[in-house]
Amino acid sequence: MKSTLNELPQVCERIVAELPQGGVVILQGDLASGKTTLTQAFAAFLGIKEGVTSPTFSLQQHYGDKLFHYDLYNYGFEKFLSLGMLEELERPGYHLIEWGDEMLIEWLKRIGIEFRILKITKCDTNLRCYEVQCA
C-alpha cells in the first residue's frame with residue numbers, strides 16, 4: 001500500500017483491522033523512512049492528543065493506556081530483554097516497536113505474543129510503501 005502523509009489513517013485502519021484487540025507491531029525501515037511519523041499518525045487515529053516523539057534515548061514512551069512506543073536502535077534487543085521489557089508487551093493496547101529484529105521476532109513467537117511486521121520503504125519523495133506481514 002502506498003501512502004502520503006495525508007493517507008496514513010488508511011494504514012492505521014489496516015493495523016487495527018489486523019490487530020483489533022491491540023498487539024505488537026514491529027516497524028521496520030531505514031533511517032528517516034517514517035517509523036515515528038507512522039506512530040504519530042497512529043496515536044492521532046486512536047484519539048490521543050499528546051505529542052508523540054521518538055523514544056530513541058528512553059527506549060519506551062507510552063501514551064495513555066492505549067499506545068506504547070519503543071525504539072531498539074540505541075539499545076538493541078539484548079538490553080530490551082535484560083530490562084524485562086518483554087513483560088510490557090503483555091499489557092493491553094498497541095505496542096509499536098521501531099528497529100525490531102529477528103531476535104525479537106523469534107522471542108515473540110516463542111512466548112506466543114501476536115504481532116505484525118510493518119515494513120516501510122520510501123517509494124518516492126512524498127510516498128511511502130507500507131507492507132503488513134503476518135508472522
# chains A, B, ... in the order shown; residues from 1 in each chain; ligands from 1

call {"tool": "residues_around", "arguments": {"residues": "Asn74 in chain A", "least_positions_apart": "4", "cutoff": "10 Å", "atoms": "only C-alpha atoms", "output": "PDB file with C-alpha atoms, in the first residue's frame"}}
result
ATOM      1  CA  PRO A  55      11.885   7.064  22.312  1.00  0.00           C
ATOM      2  CA  THR A  56      15.383   6.665  20.863  1.00  0.00           C
ATOM      3  CA  PHE A  57      17.112   7.587  24.119  1.00  0.00           C
ATOM      4  CA  SER A  58      14.471   6.432  26.589  1.00  0.00           C
ATOM      5  CA  LEU A  59      13.659   3.049  24.984  1.00  0.00           C
ATOM      6  CA  LYS A  79      19.096  -4.619  26.530  1.00  0.00           C
ATOM      7  CA  TRP A  99      14.033  -1.394  14.853  1.00  0.00           C
TER       8      TRP A  99
END

call {"tool": "closest_atom_pairs", "arguments": {"of": "range 106-126 of chain A", "to": "range 4-19 of chain A", "cutoff": "8 Å", "atoms": "only C-alpha atoms", "output": "tab-separated table"}}
result
residue	atom	partner	partner_atom	distance
A:Phe115	CA	A:Leu19	CA	7.9
A:Arg116	CA	A:Glu18	CA	7.9
A:Asn126	CA	A:Thr4	CA	6.0

call {"tool": "write_last_selection", "arguments": {"atoms": "all heavy atoms", "output": "PDB file, in the first residue's frame"}}
result
ATOM      1  N   PHE A 115       1.698 -10.621  16.769  1.00  0.00           N
ATOM      2  CA  PHE A 115       2.335  -9.409  16.239  1.00  0.00           C
ATOM      3  C   PHE A 115       2.229  -9.368  14.735  1.00  0.00           C
ATOM      4  O   PHE A 115       1.919 -10.357  14.078  1.00  0.00           O
ATOM      5  CB  PHE A 115       3.800  -9.327  16.682  1.00  0.00           C
ATOM      6  CG  PHE A 115       4.694 -10.383  16.085  1.00  0.00           C
ATOM      7  CD1 PHE A 115       5.451 -10.106  14.956  1.00  0.00           C
ATOM      8  CD2 PHE A 115       4.778 -11.643  16.651  1.00  0.00           C
ATOM      9  CE1 PHE A 115       6.273 -11.082  14.407  1.00  0.00           C
ATOM     10  CE2 PHE A 115       5.605 -12.617  16.115  1.00  0.00           C
ATOM     11  CZ  PHE A 115       6.353 -12.329  14.984  1.00  0.00           C
ATOM     12  N   ARG A 116       2.496  -8.188  14.212  1.00  0.00           N
ATOM     13  CA  ARG A 116       2.598  -7.958  12.773  1.00  0.00           C
ATOM     14  C   ARG A 116       3.888  -7.203  12.531  1.00  0.00           C
ATOM     15  O   ARG A 116       4.385  -6.475  13.391  1.00  0.00           O
ATOM     16  CB  ARG A 116       1.435  -7.129  12.233  1.00  0.00           C
ATOM     17  CG  ARG A 116       0.071  -7.749  12.383  1.00  0.00           C
ATOM     18  CD  ARG A 116      -0.070  -9.009  11.539  1.00  0.00           C
ATOM     19  NE  ARG A 116      -1.413  -9.552  11.592  1.00  0.00           N
ATOM     20  CZ  ARG A 116      -1.844 -10.426  12.491  1.00  0.00           C
ATOM     21  NH1 ARG A 116      -1.030 -10.856  13.438  1.00  0.00           N
ATOM     22  NH2 ARG A 116      -3.081 -10.870  12.455  1.00  0.00           N
ATOM     23  N   ASN A 126       7.590  11.930  -1.600  1.00  0.00           N
ATOM     24  CA  ASN A 126       6.440  12.140  -0.724  1.00  0.00           C
ATOM     25  C   ASN A 126       5.607  10.889  -0.503  1.00  0.00           C
ATOM     26  O   ASN A 126       4.519  10.972   0.058  1.00  0.00           O
ATOM     27  CB  ASN A 126       5.543  13.244  -1.294  1.00  0.00           C
ATOM     28  CG  ASN A 126       6.263  14.574  -1.326  1.00  0.00           C
ATOM     29  OD1 ASN A 126       6.972  14.917  -0.395  1.00  0.00           O
ATOM     30  ND2 ASN A 126       6.096  15.306  -2.398  1.00  0.00           N
TER      31      ASN A 126
END

call {"tool": "residues_around", "arguments": {"residues": "Gly76 in chain A", "least_positions_apart": "6", "cutoff": "12 Å", "atoms": "only C-alpha atoms", "output": "list of chain:residue names"}}
result
A:Thr56, A:Phe57, A:Leu59, A:Tyr70, A:Ser82, A:Leu83, A:Met85, A:Ile97, A:Glu98, A:Trp99, A:Gly100, A:Asp101, A:Glu102, A:Met103, A:Leu104

call {"tool": "select_by_dssp", "arguments": {"residues": "range 8-134 of chain A", "states": "alpha helix (DSSP H)", "output": "PyMOL selection string"}}
result
chain A and resi 8-18+35-45+76-82+102-111

call {"tool": "residues_around", "arguments": {"residues": "Cys123 in chain A", "least_positions_apart": "6", "cutoff": "12 Å", "atoms": "only C-alpha atoms", "output": "number ranges by chain"}}
result
A: 1-4, 29, 33-34, 129-131

call {"tool": "atom_distance", "arguments": {"atom1": "CA of Gly84 in chain A", "atom2": "CA of Leu46 in chain A"}}
result
26.6 Å

call {"tool": "decode", "arguments": {"residues": "range 78-128 of chain A", "atoms": "C-alpha atoms", "output": "compact mmCIF listing (two decimals), in the first residue's frame"}}
result
# COMPACT_ATOMS: atom_id res chain seq x y z
CA GLU A 78 19.50 -7.75 24.39
CA LYS A 79 19.10 -4.62 26.53
CA PHE A 80 15.34 -4.69 25.94
CA LEU A 81 15.27 -8.27 27.17
CA SER A 82 17.57 -7.65 30.16
CA LEU A 83 15.33 -4.80 31.37
CA GLY A 84 12.32 -7.10 31.40
CA MET A 85 10.60 -5.18 28.64
CA LEU A 86 9.01 -8.30 27.15
CA GLU A 87 6.57 -8.20 30.05
CA GLU A 88 5.47 -4.73 28.93
CA LEU A 89 4.27 -6.25 25.67
CA GLU A 90 1.64 -8.20 27.58
CA ARG A 91 -0.13 -5.00 28.64
CA PRO A 92 -3.39 -4.29 26.79
CA GLY A 93 -3.01 -1.80 23.94
CA TYR A 94 -0.87 -1.31 20.87
CA HIS A 95 2.90 -1.71 21.11
CA LEU A 96 4.78 -0.17 18.18
CA ILE A 97 8.44 -1.16 18.15
CA GLU A 98 10.97 0.59 15.94
CA TRP A 99 14.03 -1.39 14.85
CA GLY A 100 12.67 -4.78 15.93
CA ASP A 101 14.90 -7.53 14.56
CA GLU A 102 14.83 -11.29 14.06
CA MET A 103 15.75 -11.93 17.69
CA LEU A 104 12.66 -10.03 18.85
CA ILE A 105 10.51 -11.85 16.30
CA GLU A 106 11.75 -15.25 17.50
CA TRP A 107 11.07 -14.36 21.14
CA LEU A 108 7.56 -13.13 20.34
CA LYS A 109 6.84 -16.39 18.53
CA ARG A 110 8.29 -18.40 21.39
CA ILE A 111 6.18 -16.73 24.07
CA GLY A 112 3.03 -16.57 21.95
CA ILE A 113 2.51 -12.83 21.59
CA GLU A 114 0.58 -11.93 18.45
CA PHE A 115 2.34 -9.41 16.24
CA ARG A 116 2.60 -7.96 12.77
CA ILE A 117 5.58 -6.60 10.90
CA LEU A 118 5.12 -3.30 9.08
CA LYS A 119 7.85 -2.70 6.52
CA ILE A 120 8.20 0.93 5.48
CA THR A 121 10.16 1.96 2.41
CA LYS A 122 10.49 5.24 0.56
CA CYS A 123 8.72 4.85 -2.79
CA ASP A 124 9.20 8.47 -3.79
CA THR A 125 9.96 11.80 -2.14
CA ASN A 126 6.44 12.14 -0.72
CA LEU A 127 5.34 8.50 -0.81
CA ARG A 128 6.00 5.59 1.48
